[in-house]
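For reference, my_file_22.cif is printed below; it contains mmCIF, C-alpha atoms.
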```
data_my_file
#
loop_
_atom_site.label_atom_id
_atom_site.label_comp_id
_atom_site.auth_asym_id
_atom_site.auth_seq_id
_atom_site.Cartn_x
_atom_site.Cartn_y
_atom_site.Cartn_z
CA MET U 267 112.13 65.64 98.36
CA HIS U 268 112.24 68.87 96.34
CA VAL U 269 114.70 70.85 98.41
CA SER U 270 115.76 73.01 95.46
CA ARG U 271 112.32 74.59 95.31
CA ILE U 272 112.67 76.12 98.74
CA ALA U 273 114.73 79.20 99.52
CA LEU U 274 117.91 78.09 101.25
CA ILE U 275 119.07 81.39 102.70
CA SER U 276 117.84 83.51 105.56
CA ARG U 277 114.97 85.68 104.44
CA SER U 278 116.06 88.15 107.09
CA GLU U 279 118.93 89.27 104.87
CA SER U 280 116.45 90.91 102.52
CA THR U 281 113.23 91.27 104.48
CA SER U 282 112.54 93.02 107.75
CA THR U 283 110.10 91.12 109.97
CA LYS U 284 108.08 91.89 113.05
CA GLY U 285 108.69 89.67 116.05
CA ALA U 286 106.95 88.17 119.01
CA ILE U 287 106.89 90.29 122.13
CA VAL U 288 105.53 89.92 125.61
CA GLU U 289 104.93 92.77 127.99
CA LYS U 290 106.39 92.56 131.49
CA ALA U 291 105.18 95.01 134.14
CA GLY U 292 103.83 97.15 131.31
CA LYS U 293 107.32 98.21 130.24
CA GLN U 294 109.62 95.55 128.82
CA LEU U 295 109.15 93.68 125.56
CA TYR U 296 110.75 90.33 124.71
CA PRO U 297 111.06 88.29 121.49
CA LEU U 298 110.10 84.64 121.06
CA PHE U 299 112.07 82.52 118.59
CA VAL U 300 110.55 79.31 117.25
CA VAL U 301 112.88 76.75 115.64
CA SER U 302 111.36 73.98 113.56
CA GLY U 303 112.21 71.52 110.81
CA PRO U 304 112.40 67.77 110.13
CA ALA U 305 114.13 65.29 112.44
CA ALA U 306 117.91 65.14 111.89
CA ALA U 307 118.06 68.63 110.36
CA GLY U 308 120.20 69.74 113.31
CA LYS U 309 117.74 71.90 115.26
CA SER U 310 118.81 70.82 118.73
CA LYS U 311 122.53 71.02 117.97
CA LEU U 312 122.26 74.55 116.61
CA VAL U 313 120.11 75.80 119.48
CA ILE U 314 121.43 73.95 122.53
CA GLU U 315 125.13 73.78 121.67
CA HIS U 316 125.48 77.18 120.02
CA VAL U 317 122.63 79.69 120.35
CA LEU U 318 122.17 79.26 124.10
CA ALA U 319 125.93 79.49 124.66
CA ASP U 320 126.40 82.59 122.51
CA PHE U 321 123.17 84.35 123.52
CA PRO U 322 122.97 83.87 127.32
CA GLN U 323 120.08 86.33 127.51
CA ILE U 324 117.89 83.82 125.62
CA SER U 325 116.27 81.03 127.64
CA ARG U 326 115.16 77.71 126.19
CA VAL U 327 111.58 76.59 126.64
CA VAL U 328 111.68 73.21 128.39
CA THR U 329 109.41 70.64 126.75
CA CYS U 330 107.82 67.44 128.10
CA THR U 331 108.47 63.75 127.64
CA THR U 332 107.46 60.42 129.16
CA ARG U 333 110.77 58.74 128.37
CA LYS U 334 113.04 57.75 131.23
CA ARG U 335 115.42 60.41 132.50
CA ARG U 336 119.07 59.74 131.72
CA ILE U 337 121.64 59.97 134.51
CA GLU U 338 123.08 63.27 133.29
CA GLU U 339 119.69 64.90 132.77
CA LYS U 340 117.82 67.13 135.21
CA ASP U 341 114.06 67.41 135.47
CA GLY U 342 112.87 70.89 134.53
CA ILE U 343 116.13 71.70 132.76
CA ASP U 344 116.57 69.12 130.01
CA TYR U 345 112.89 68.10 129.94
CA HIS U 346 109.85 68.02 132.14
CA PHE U 347 109.80 64.27 132.78
CA LEU U 348 106.17 63.19 133.12
CA SER U 349 104.49 59.86 133.75
CA ASP U 350 102.11 58.57 131.10
CA LYS U 351 99.26 59.47 133.43
CA GLN U 352 100.49 63.04 133.89
CA PHE U 353 101.07 63.49 130.17
CA ASN U 354 97.65 62.14 129.19
CA LYS U 355 95.99 64.33 131.81
CA ALA U 356 97.68 67.40 130.36
CA LEU U 357 96.69 66.22 126.88
CA LYS U 358 93.03 65.88 127.86
CA GLU U 359 93.13 69.37 129.36
CA ASN U 360 94.44 70.72 126.03
CA GLU U 361 97.70 72.01 127.53
CA PHE U 362 99.87 70.97 124.58
CA ILE U 363 100.49 73.07 121.51
CA GLU U 364 102.10 70.06 119.89
CA HIS U 365 102.68 66.44 120.91
CA ALA U 366 103.91 63.25 119.31
CA ASP U 367 104.48 59.56 120.02
CA VAL U 368 108.10 58.73 119.20
CA HIS U 369 108.90 55.02 119.48
CA GLY U 370 106.35 54.58 122.25
CA LYS U 371 107.41 57.63 124.27
CA LEU U 372 105.39 60.84 124.33
CA TYR U 373 106.81 64.29 123.68
CA GLY U 374 105.01 67.63 123.83
CA VAL U 375 105.24 71.40 124.13
CA ARG U 376 102.94 73.10 126.64
CA ALA U 377 101.74 76.65 126.06
CA GLN U 378 102.28 77.44 129.74
CA ASP U 379 105.97 76.50 129.54
CA ILE U 380 106.39 78.94 126.66
CA ARG U 381 104.61 81.69 128.59
CA GLU U 382 106.74 81.15 131.70
CA ALA U 383 110.05 81.28 129.83
CA HIS U 384 108.85 84.14 127.65
CA ALA U 385 107.80 86.26 130.65
CA LYS U 386 111.38 86.30 131.97
CA GLY U 387 113.06 87.53 128.79
CA PRO U 388 113.89 86.46 125.22
CA ALA U 389 113.02 82.78 124.72
CA ILE U 390 113.53 80.06 122.14
CA VAL U 391 111.56 76.86 121.61
CA ILE U 392 112.24 73.84 119.40
CA ILE U 393 109.04 72.39 117.98
CA ASP U 394 107.96 69.98 115.24
CA PRO U 395 106.54 71.61 112.08
CA GLN U 396 103.00 70.38 112.73
CA GLY U 397 102.88 72.42 115.93
CA VAL U 398 104.10 75.75 114.59
CA GLU U 399 100.81 76.94 113.15
CA LYS U 400 99.02 76.42 116.46
CA LEU U 401 101.85 78.17 118.30
CA VAL U 402 101.62 81.16 115.98
CA GLU U 403 97.90 81.38 116.72
CA LEU U 404 98.77 81.89 120.39
CA PHE U 405 101.93 83.96 119.86
CA ARG U 406 100.94 85.76 116.69
CA ASP U 407 104.21 87.53 115.88
CA ALA U 408 106.68 84.79 116.79
CA TYR U 409 110.00 84.80 114.91
CA CYS U 410 109.85 81.42 113.15
CA ILE U 411 112.97 79.68 111.84
CA PHE U 412 112.96 76.56 109.66
CA ILE U 413 116.05 74.31 109.68
CA MET U 414 116.40 71.88 106.80
CA ALA U 415 119.18 69.80 105.22
CA PRO U 416 120.09 68.54 101.72
CA ASP U 417 118.63 65.17 100.72
CA ASP U 418 121.89 63.22 100.94
CA ASP U 419 122.80 64.68 104.34
CA LEU U 420 119.35 64.02 105.72
CA ARG U 421 119.39 60.44 104.48
CA MET U 422 122.79 59.86 106.09
CA ARG U 423 121.65 61.28 109.44
CA LEU U 424 118.36 59.38 109.42
CA THR U 425 120.14 56.14 108.52
CA ALA U 426 122.23 56.51 111.68
CA ARG U 427 119.06 56.95 113.75
CA SER U 428 117.03 54.16 112.16
CA THR U 429 116.71 50.66 113.60
CA SER U 430 115.50 48.96 110.40
CA ASP U 431 114.69 49.60 106.74
CA THR U 432 111.05 50.06 107.70
CA ASP U 433 111.99 52.55 110.37
CA PHE U 434 114.18 54.46 107.89
CA ALA U 435 111.39 54.58 105.29
CA ARG U 436 108.99 55.95 107.89
CA ARG U 437 111.47 58.59 109.03
CA MET U 438 112.13 59.68 105.45
CA GLU U 439 108.43 59.90 104.69
CA ASP U 440 107.94 62.07 107.77
CA ALA U 441 110.89 64.27 106.80
CA GLU U 442 109.60 64.78 103.26
CA HIS U 443 106.20 65.81 104.62
CA GLU U 444 107.80 68.20 107.11
CA LEU U 445 110.07 69.78 104.50
CA ARG U 446 106.99 70.82 102.57
CA GLN U 447 106.03 73.04 105.51
CA ALA U 448 109.01 75.33 104.92
CA ASN U 449 107.10 77.60 102.52
CA ARG U 450 104.49 78.55 105.15
CA TRP U 451 104.05 82.29 105.54
CA TYR U 452 105.17 82.43 109.16
CA TYR U 453 108.79 81.35 108.53
CA GLY U 454 110.99 84.44 108.49
CA CYS U 455 114.24 82.49 108.15
CA ILE U 456 115.06 79.25 106.32
CA ILE U 457 118.48 77.64 106.78
CA ASN U 458 119.91 74.73 104.80
CA ASN U 459 122.09 73.05 107.43
CA ALA U 460 124.40 71.02 105.21
CA ASN U 461 127.15 68.73 106.48
CA GLY U 462 130.47 70.57 106.72
CA HIS U 463 128.85 74.01 106.68
CA LEU U 464 128.10 74.61 110.35
CA GLU U 465 129.64 78.09 110.30
CA ARG U 466 127.41 79.15 107.41
CA SER U 467 124.31 77.87 109.19
CA LEU U 468 125.27 79.67 112.39
CA ARG U 469 126.05 82.88 110.50
CA GLN U 470 122.56 82.91 108.97
CA LEU U 471 120.89 81.93 112.23
CA TYR U 472 122.79 84.51 114.30
CA PHE U 473 122.08 87.23 111.76
CA PHE U 474 118.36 86.61 112.10
CA ILE U 475 118.45 86.43 115.89
CA LYS U 476 120.57 89.56 116.30
CA GLU U 477 118.37 91.51 113.91
CA ASN U 478 115.27 90.72 115.97
CA LEU U 479 116.69 90.48 119.48
CA ASP U 480 116.81 94.22 120.24
#
```
Using C-alpha coordinates, write down the structure that the file contains.
Amino acid sequence: MHVSRIALISRSESTSTKGAIVEKAGKQLYPLFVVSGPAAAGKSKLVIEHVLADFPQISRVVTCTTRKRRIEEKDGIDYHFLSDKQFNKALKENEFIEHADVHGKLYGVRAQDIREAHAKGPAIVIIDPQGVEKLVELFRDAYCIFIMAPDDDLRMRLTARSTSDTDFARRMEDAEHELRQANRWYYGCIINNANGHLERSLRQLYFFIKENLD
(Lines of atoms letter the chains of each structure in order from A and count residues from 1; the text may use other names and numbers.)
(Lines give C-alpha, C1' and ligand atoms only; values in the text may rest on other atoms or scores of the structure.)
Protein backbone atom coordinates (compact mmCIF):
# COMPACT_ATOMS: atom_id res chain seq x y z
CA MET A 1 0.00 0.00 0.00
CA HIS A 2 1.67 3.25 -1.09
CA VAL A 3 -0.02 5.67 1.27
CA SER A 4 2.86 8.16 1.11
CA ARG A 5 2.13 8.86 -2.54
CA ILE A 6 -1.29 10.27 -1.77
CA ALA A 7 -1.92 13.72 -0.34
CA LEU A 8 -2.82 13.34 3.32
CA ILE A 9 -4.31 16.76 4.00
CA SER A 10 -7.55 18.37 3.02
CA ARG A 11 -7.30 19.84 -0.45
CA SER A 12 -9.89 22.37 0.63
CA GLU A 13 -7.23 24.26 2.59
CA SER A 14 -5.63 25.35 -0.67
CA THR A 15 -8.26 24.83 -3.36
CA SER A 16 -11.75 26.20 -3.66
CA THR A 17 -14.24 23.67 -5.02
CA LYS A 18 -17.74 23.78 -6.40
CA GLY A 19 -20.30 21.65 -4.63
CA ALA A 20 -23.40 19.63 -5.26
CA ILE A 21 -26.66 21.53 -5.08
CA VAL A 22 -30.30 20.68 -5.49
CA GLU A 23 -33.02 23.19 -6.15
CA LYS A 24 -36.09 23.18 -3.92
CA ALA A 25 -39.17 25.14 -5.01
CA GLY A 26 -36.92 27.01 -7.42
CA LYS A 27 -35.24 28.94 -4.61
CA GLN A 28 -33.11 26.98 -2.15
CA LEU A 29 -29.85 25.20 -2.93
CA TYR A 30 -28.36 22.39 -0.85
CA PRO A 31 -24.96 20.64 -0.83
CA LEU A 32 -24.38 16.89 -1.01
CA PHE A 33 -21.35 15.42 0.77
CA VAL A 34 -20.05 12.00 -0.25
CA VAL A 35 -17.74 10.16 2.17
CA SER A 36 -15.76 7.20 0.87
CA GLY A 37 -12.67 5.15 1.61
CA PRO A 38 -11.60 1.60 2.48
CA ALA A 39 -13.23 -0.49 5.20
CA ALA A 40 -11.88 0.30 8.69
CA ALA A 41 -10.71 3.79 7.70
CA GLY A 42 -13.23 5.25 10.14
CA LYS A 43 -15.86 6.66 7.78
CA SER A 44 -18.90 5.71 9.83
CA LYS A 45 -17.39 6.85 13.13
CA LEU A 46 -16.48 10.26 11.76
CA VAL A 47 -19.85 10.82 10.11
CA ILE A 48 -22.35 9.20 12.48
CA GLU A 49 -20.71 9.98 15.82
CA HIS A 50 -19.37 13.44 15.00
CA VAL A 51 -20.54 15.16 11.81
CA LEU A 52 -24.24 14.46 12.33
CA ALA A 53 -24.01 15.57 15.97
CA ASP A 54 -22.14 18.79 15.22
CA PHE A 55 -23.97 19.66 11.99
CA PRO A 56 -27.66 18.98 12.79
CA GLN A 57 -28.71 20.65 9.54
CA ILE A 58 -27.08 17.76 7.60
CA SER A 59 -29.11 14.58 7.16
CA ARG A 60 -27.61 11.16 6.52
CA VAL A 61 -28.70 9.19 3.49
CA VAL A 62 -30.04 5.86 4.76
CA THR A 63 -28.67 2.89 2.82
CA CYS A 64 -30.01 -0.66 2.34
CA THR A 65 -29.05 -4.06 3.68
CA THR A 66 -30.42 -7.60 3.83
CA ARG A 67 -28.78 -8.39 7.16
CA LYS A 68 -30.98 -8.93 10.20
CA ARG A 69 -31.97 -5.83 12.13
CA ARG A 70 -30.38 -5.56 15.56
CA ILE A 71 -32.57 -4.84 18.59
CA GLU A 72 -31.40 -1.24 18.93
CA GLU A 73 -31.78 -0.45 15.22
CA LYS A 74 -34.76 1.14 13.51
CA ASP A 75 -35.84 0.49 9.95
CA GLY A 76 -35.53 3.61 7.82
CA ILE A 77 -33.19 5.27 10.31
CA ASP A 78 -30.18 3.01 10.68
CA TYR A 79 -30.79 1.13 7.42
CA HIS A 80 -33.56 0.21 5.06
CA PHE A 81 -33.82 -3.46 6.00
CA LEU A 82 -34.82 -5.41 2.90
CA SER A 83 -35.46 -9.07 2.20
CA ASP A 84 -33.25 -10.78 -0.37
CA LYS A 85 -36.21 -10.71 -2.74
CA GLN A 86 -36.75 -6.97 -2.27
CA PHE A 87 -33.05 -6.22 -2.68
CA ASN A 88 -32.69 -8.32 -5.83
CA LYS A 89 -35.82 -6.72 -7.31
CA ALA A 90 -34.35 -3.26 -6.73
CA LEU A 91 -31.06 -4.49 -8.20
CA LYS A 92 -32.76 -5.75 -11.36
CA GLU A 93 -34.53 -2.42 -11.71
CA ASN A 94 -31.15 -0.64 -11.54
CA GLU A 95 -32.05 1.34 -8.41
CA PHE A 96 -28.62 0.99 -6.79
CA ILE A 97 -25.71 3.32 -7.38
CA GLU A 98 -23.49 0.86 -5.55
CA HIS A 99 -24.01 -2.55 -3.95
CA ALA A 100 -21.87 -5.26 -2.43
CA ASP A 101 -22.08 -8.74 -0.89
CA VAL A 102 -20.43 -8.62 2.54
CA HIS A 103 -20.16 -12.04 4.20
CA GLY A 104 -23.36 -13.21 2.52
CA LYS A 105 -25.40 -10.09 3.29
CA LEU A 106 -26.20 -7.48 0.67
CA TYR A 107 -25.61 -3.75 1.08
CA GLY A 108 -26.47 -0.96 -1.34
CA VAL A 109 -27.08 2.74 -1.91
CA ARG A 110 -30.18 3.71 -3.89
CA ALA A 111 -30.22 6.88 -5.96
CA GLN A 112 -33.77 7.61 -4.79
CA ASP A 113 -32.69 7.60 -1.13
CA ILE A 114 -30.05 10.20 -1.94
CA ARG A 115 -32.57 12.34 -3.81
CA GLU A 116 -35.09 12.20 -0.96
CA ALA A 117 -32.58 13.21 1.72
CA HIS A 118 -31.01 15.79 -0.57
CA ALA A 119 -34.35 17.45 -1.35
CA LYS A 120 -34.88 18.30 2.34
CA GLY A 121 -31.56 20.05 2.91
CA PRO A 122 -27.80 19.37 3.12
CA ALA A 123 -27.14 15.62 3.02
CA ILE A 124 -24.25 13.22 3.52
CA VAL A 125 -23.83 9.67 2.26
CA ILE A 126 -21.24 7.01 3.08
CA ILE A 127 -20.40 4.90 0.05
CA ASP A 128 -17.72 2.43 -1.05
CA PRO A 129 -15.11 3.81 -3.49
CA GLN A 130 -16.37 1.73 -6.41
CA GLY A 131 -19.71 3.52 -6.25
CA VAL A 132 -18.49 7.11 -6.16
CA GLU A 133 -17.90 7.53 -9.88
CA LYS A 134 -21.44 6.44 -10.69
CA LEU A 135 -22.81 8.73 -7.99
CA VAL A 136 -20.90 11.69 -9.42
CA GLU A 137 -22.42 10.96 -12.82
CA LEU A 138 -25.86 11.50 -11.26
CA PHE A 139 -24.88 14.30 -8.86
CA ARG A 140 -22.18 15.95 -10.94
CA ASP A 141 -20.88 18.49 -8.43
CA ALA A 142 -20.97 16.39 -5.26
CA TYR A 143 -18.44 17.29 -2.55
CA CYS A 144 -16.43 14.06 -2.34
CA ILE A 145 -14.31 13.19 0.71
CA PHE A 146 -11.89 10.27 0.91
CA ILE A 147 -11.03 8.84 4.35
CA MET A 148 -7.92 6.70 4.57
CA ALA A 149 -5.58 5.43 7.31
CA PRO A 150 -1.87 4.59 7.65
CA ASP A 151 -0.87 1.02 6.80
CA ASP A 152 -0.20 -0.08 10.38
CA ASP A 153 -3.46 1.39 11.69
CA LEU A 154 -5.46 -0.15 8.89
CA ARG A 155 -3.90 -3.55 9.45
CA MET A 156 -4.68 -3.36 13.17
CA ARG A 157 -8.32 -2.42 12.54
CA LEU A 158 -8.81 -5.06 9.86
CA THR A 159 -7.24 -7.72 12.07
CA ALA A 160 -9.90 -7.00 14.69
CA ARG A 161 -12.63 -7.44 12.06
CA SER A 162 -11.24 -10.56 10.41
CA THR A 163 -12.35 -14.10 11.23
CA SER A 164 -9.33 -15.89 9.73
CA ASP A 165 -6.01 -15.30 7.98
CA THR A 166 -7.76 -15.78 4.65
CA ASP A 167 -10.41 -13.26 5.59
CA PHE A 168 -7.72 -10.76 6.66
CA ALA A 169 -5.80 -11.21 3.40
CA ARG A 170 -8.97 -10.58 1.41
CA ARG A 171 -9.81 -7.48 3.42
CA MET A 172 -6.30 -6.09 2.98
CA GLU A 173 -6.37 -6.75 -0.75
CA ASP A 174 -9.69 -4.90 -0.99
CA ALA A 175 -8.33 -2.01 1.08
CA GLU A 176 -5.22 -1.66 -1.07
CA HIS A 177 -7.35 -1.56 -4.21
CA GLU A 178 -9.68 1.03 -2.67
CA LEU A 179 -6.82 3.24 -1.48
CA ARG A 180 -5.69 3.59 -5.07
CA GLN A 181 -8.98 5.36 -5.80
CA ALA A 182 -8.00 8.34 -3.64
CA ASN A 183 -6.30 10.18 -6.51
CA ARG A 184 -9.50 10.35 -8.59
CA TRP A 185 -10.35 13.85 -9.76
CA TYR A 186 -13.64 14.09 -7.90
CA TYR A 187 -12.15 13.95 -4.38
CA GLY A 188 -11.96 17.48 -3.01
CA CYS A 189 -10.74 16.39 0.43
CA ILE A 190 -8.47 13.54 1.53
CA ILE A 191 -8.02 12.79 5.23
CA ASN A 192 -5.51 10.41 6.79
CA ASN A 193 -7.44 9.19 9.84
CA ALA A 194 -4.59 7.88 11.97
CA ASN A 195 -5.02 6.27 15.39
CA GLY A 196 -4.73 8.85 18.17
CA HIS A 197 -5.37 11.79 15.84
CA LEU A 198 -9.16 12.03 15.84
CA GLU A 199 -9.13 15.77 16.50
CA ARG A 200 -6.89 16.39 13.49
CA SER A 201 -9.16 14.31 11.25
CA LEU A 202 -12.24 16.15 12.49
CA ARG A 203 -10.56 19.54 12.07
CA GLN A 204 -9.81 18.79 8.41
CA LEU A 205 -13.25 17.28 7.79
CA TYR A 206 -15.10 20.15 9.48
CA PHE A 207 -13.06 22.73 7.61
CA PHE A 208 -14.12 21.21 4.30
CA ILE A 209 -17.76 20.88 5.31
CA LYS A 210 -18.02 24.41 6.70
CA GLU A 211 -16.36 25.88 3.62
CA ASN A 212 -18.94 24.26 1.34
CA LEU A 213 -22.03 24.22 3.54
CA ASP A 214 -23.11 27.83 2.99
Looking at U:Leu479, U:Leu298, U:Ile457, U:Val327, which one is nearest to U:Pro416, with distances taken over all atoms listed in the file?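 Among the listed residues, U:Ile457 lies closest to U:Pro416.
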Output the residue selection produced by the PyMOL selection byres ((chain U and resi 358-373) around 8) on the file above, formatted as an MDAnalysis selection string. chainID U and resid 329:333 350 353:357 374:378 393:394 396:397 400:401
Atomic distance atom CA of U:Thr429 - atom CA of U:Ala415, expressed in Å with one decimal: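 That distance, rounded to one decimal, is 21.0 Å.
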Can you translate the PyMOL selection byres ((chain U and resi 462-468) around 12) into the concrete residues it hits in this file, as a ChimeraX atom specification? /U:274-276,307-309,311-313,315-317,320,411-416,419,455-461,469-476
Report the residues retrieved by the PyMOL selection byres ((chain U and resi 342) around 12) from the displayed file, expressed as a ChimeraX atom specification. /U:326-331,335,339-341,343-348,379,383
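Closest approach to U:Glu439 from the set U:Pro395, U:Pro304, U:Phe299, U:Trp451 is made by U:Pro304, with distances taken over all atoms listed in the file.
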Between U:Tyr296, U:Arg427, U:Lys386, U:Gly303, smallest distance to U:Arg446 by all atoms listed in the file belongs to U:Gly303
Can you work out which one of U:Ala305, U:Thr425, U:Ser349, U:Val300 has the shortest atom-to-atom distance to U:Glu442, counting all atoms listed in the file?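 Once distances to U:Glu442 are computed over all atoms listed in the file, the minimum belongs to U:Ala305.
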Quick one, how far is atom CA of U:Ile380 from atom CA of U:Glu399?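 Between these atoms lies a distance of 14.8 Å.
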Pairwise distance for atom CA of U:Pro388 and atom CA of U:Ile324, rounded to one decimal in Å: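 One can read the atom CA of U:Pro388 to atom CA of U:Ile324 distance as 4.8 Å.
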Can you complete the atoms of stretch 329-349 of chain U to N, CA and C atoms and list them as a PDB file, in the frame of the given file?
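Resulting contents of part.pdb:
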```pdb
ATOM      1  N   THR U 329     110.559  71.411 127.233  1.00  0.00           N
ATOM      2  CA  THR U 329     109.410  70.640 126.750  1.00  0.00           C
ATOM      3  C   THR U 329     109.231  69.366 127.583  1.00  0.00           C
ATOM      4  N   CYS U 330     108.208  68.598 127.279  1.00  0.00           N
ATOM      5  CA  CYS U 330     107.820  67.440 128.100  1.00  0.00           C
ATOM      6  C   CYS U 330     108.080  66.113 127.396  1.00  0.00           C
ATOM      7  N   THR U 331     108.334  65.090 128.187  1.00  0.00           N
ATOM      8  CA  THR U 331     108.470  63.750 127.640  1.00  0.00           C
ATOM      9  C   THR U 331     108.118  62.714 128.698  1.00  0.00           C
ATOM     10  N   THR U 332     107.722  61.526 128.239  1.00  0.00           N
ATOM     11  CA  THR U 332     107.460  60.420 129.160  1.00  0.00           C
ATOM     12  C   THR U 332     108.609  59.414 129.163  1.00  0.00           C
ATOM     13  N   ARG U 333     109.643  59.678 128.373  1.00  0.00           N
ATOM     14  CA  ARG U 333     110.770  58.740 128.370  1.00  0.00           C
ATOM     15  C   ARG U 333     111.538  58.838 129.687  1.00  0.00           C
ATOM     16  N   LYS U 334     112.299  57.799 129.989  1.00  0.00           N
ATOM     17  CA  LYS U 334     113.040  57.750 131.230  1.00  0.00           C
ATOM     18  C   LYS U 334     114.178  58.770 131.239  1.00  0.00           C
ATOM     19  N   ARG U 335     114.356  59.406 132.362  1.00  0.00           N
ATOM     20  CA  ARG U 335     115.420  60.410 132.500  1.00  0.00           C
ATOM     21  C   ARG U 335     116.784  59.734 132.514  1.00  0.00           C
ATOM     22  N   ARG U 336     117.706  60.260 131.720  1.00  0.00           N
ATOM     23  CA  ARG U 336     119.070  59.740 131.720  1.00  0.00           C
ATOM     24  C   ARG U 336     119.831  60.288 132.932  1.00  0.00           C
ATOM     25  N   ILE U 337     120.900  59.623 133.303  1.00  0.00           N
ATOM     26  CA  ILE U 337     121.640  59.970 134.510  1.00  0.00           C
ATOM     27  C   ILE U 337     122.089  61.428 134.512  1.00  0.00           C
ATOM     28  N   GLU U 338     122.536  61.906 133.366  1.00  0.00           N
ATOM     29  CA  GLU U 338     123.080  63.270 133.290  1.00  0.00           C
ATOM     30  C   GLU U 338     122.004  64.337 133.161  1.00  0.00           C
ATOM     31  N   GLU U 339     120.772  63.938 132.993  1.00  0.00           N
ATOM     32  CA  GLU U 339     119.690  64.900 132.770  1.00  0.00           C
ATOM     33  C   GLU U 339     119.033  65.343 134.076  1.00  0.00           C
ATOM     34  N   LYS U 340     118.503  66.576 134.047  1.00  0.00           N
ATOM     35  CA  LYS U 340     117.820  67.130 135.210  1.00  0.00           C
ATOM     36  C   LYS U 340     116.387  67.502 134.828  1.00  0.00           C
ATOM     37  N   ASP U 341     115.464  67.094 135.687  1.00  0.00           N
ATOM     38  CA  ASP U 341     114.060  67.410 135.470  1.00  0.00           C
ATOM     39  C   ASP U 341     113.851  68.919 135.540  1.00  0.00           C
ATOM     40  N   GLY U 342     113.124  69.459 134.558  1.00  0.00           N
ATOM     41  CA  GLY U 342     112.870  70.890 134.530  1.00  0.00           C
ATOM     42  C   GLY U 342     113.944  71.688 133.822  1.00  0.00           C
ATOM     43  N   ILE U 343     115.041  71.032 133.480  1.00  0.00           N
ATOM     44  CA  ILE U 343     116.130  71.700 132.760  1.00  0.00           C
ATOM     45  C   ILE U 343     116.278  71.103 131.366  1.00  0.00           C
ATOM     46  N   ASP U 344     116.466  69.794 131.313  1.00  0.00           N
ATOM     47  CA  ASP U 344     116.570  69.120 130.010  1.00  0.00           C
ATOM     48  C   ASP U 344     115.175  68.852 129.441  1.00  0.00           C
ATOM     49  N   TYR U 345     114.303  68.346 130.274  1.00  0.00           N
ATOM     50  CA  TYR U 345     112.890  68.100 129.940  1.00  0.00           C
ATOM     51  C   TYR U 345     112.078  68.208 131.231  1.00  0.00           C
ATOM     52  N   HIS U 346     110.768  68.310 131.049  1.00  0.00           N
ATOM     53  CA  HIS U 346     109.850  68.020 132.140  1.00  0.00           C
ATOM     54  C   HIS U 346     109.520  66.537 131.978  1.00  0.00           C
ATOM     55  N   PHE U 347     110.020  65.709 132.890  1.00  0.00           N
ATOM     56  CA  PHE U 347     109.800  64.270 132.780  1.00  0.00           C
ATOM     57  C   PHE U 347     108.478  63.921 133.452  1.00  0.00           C
ATOM     58  N   LEU U 348     107.513  63.490 132.645  1.00  0.00           N
ATOM     59  CA  LEU U 348     106.170  63.190 133.120  1.00  0.00           C
ATOM     60  C   LEU U 348     105.874  61.702 133.024  1.00  0.00           C
ATOM     61  N   SER U 349     104.986  61.231 133.887  1.00  0.00           N
ATOM     62  CA  SER U 349     104.490  59.860 133.750  1.00  0.00           C
ATOM     63  C   SER U 349     103.470  59.849 132.620  1.00  0.00           C
TER      64      SER U 349
END
```
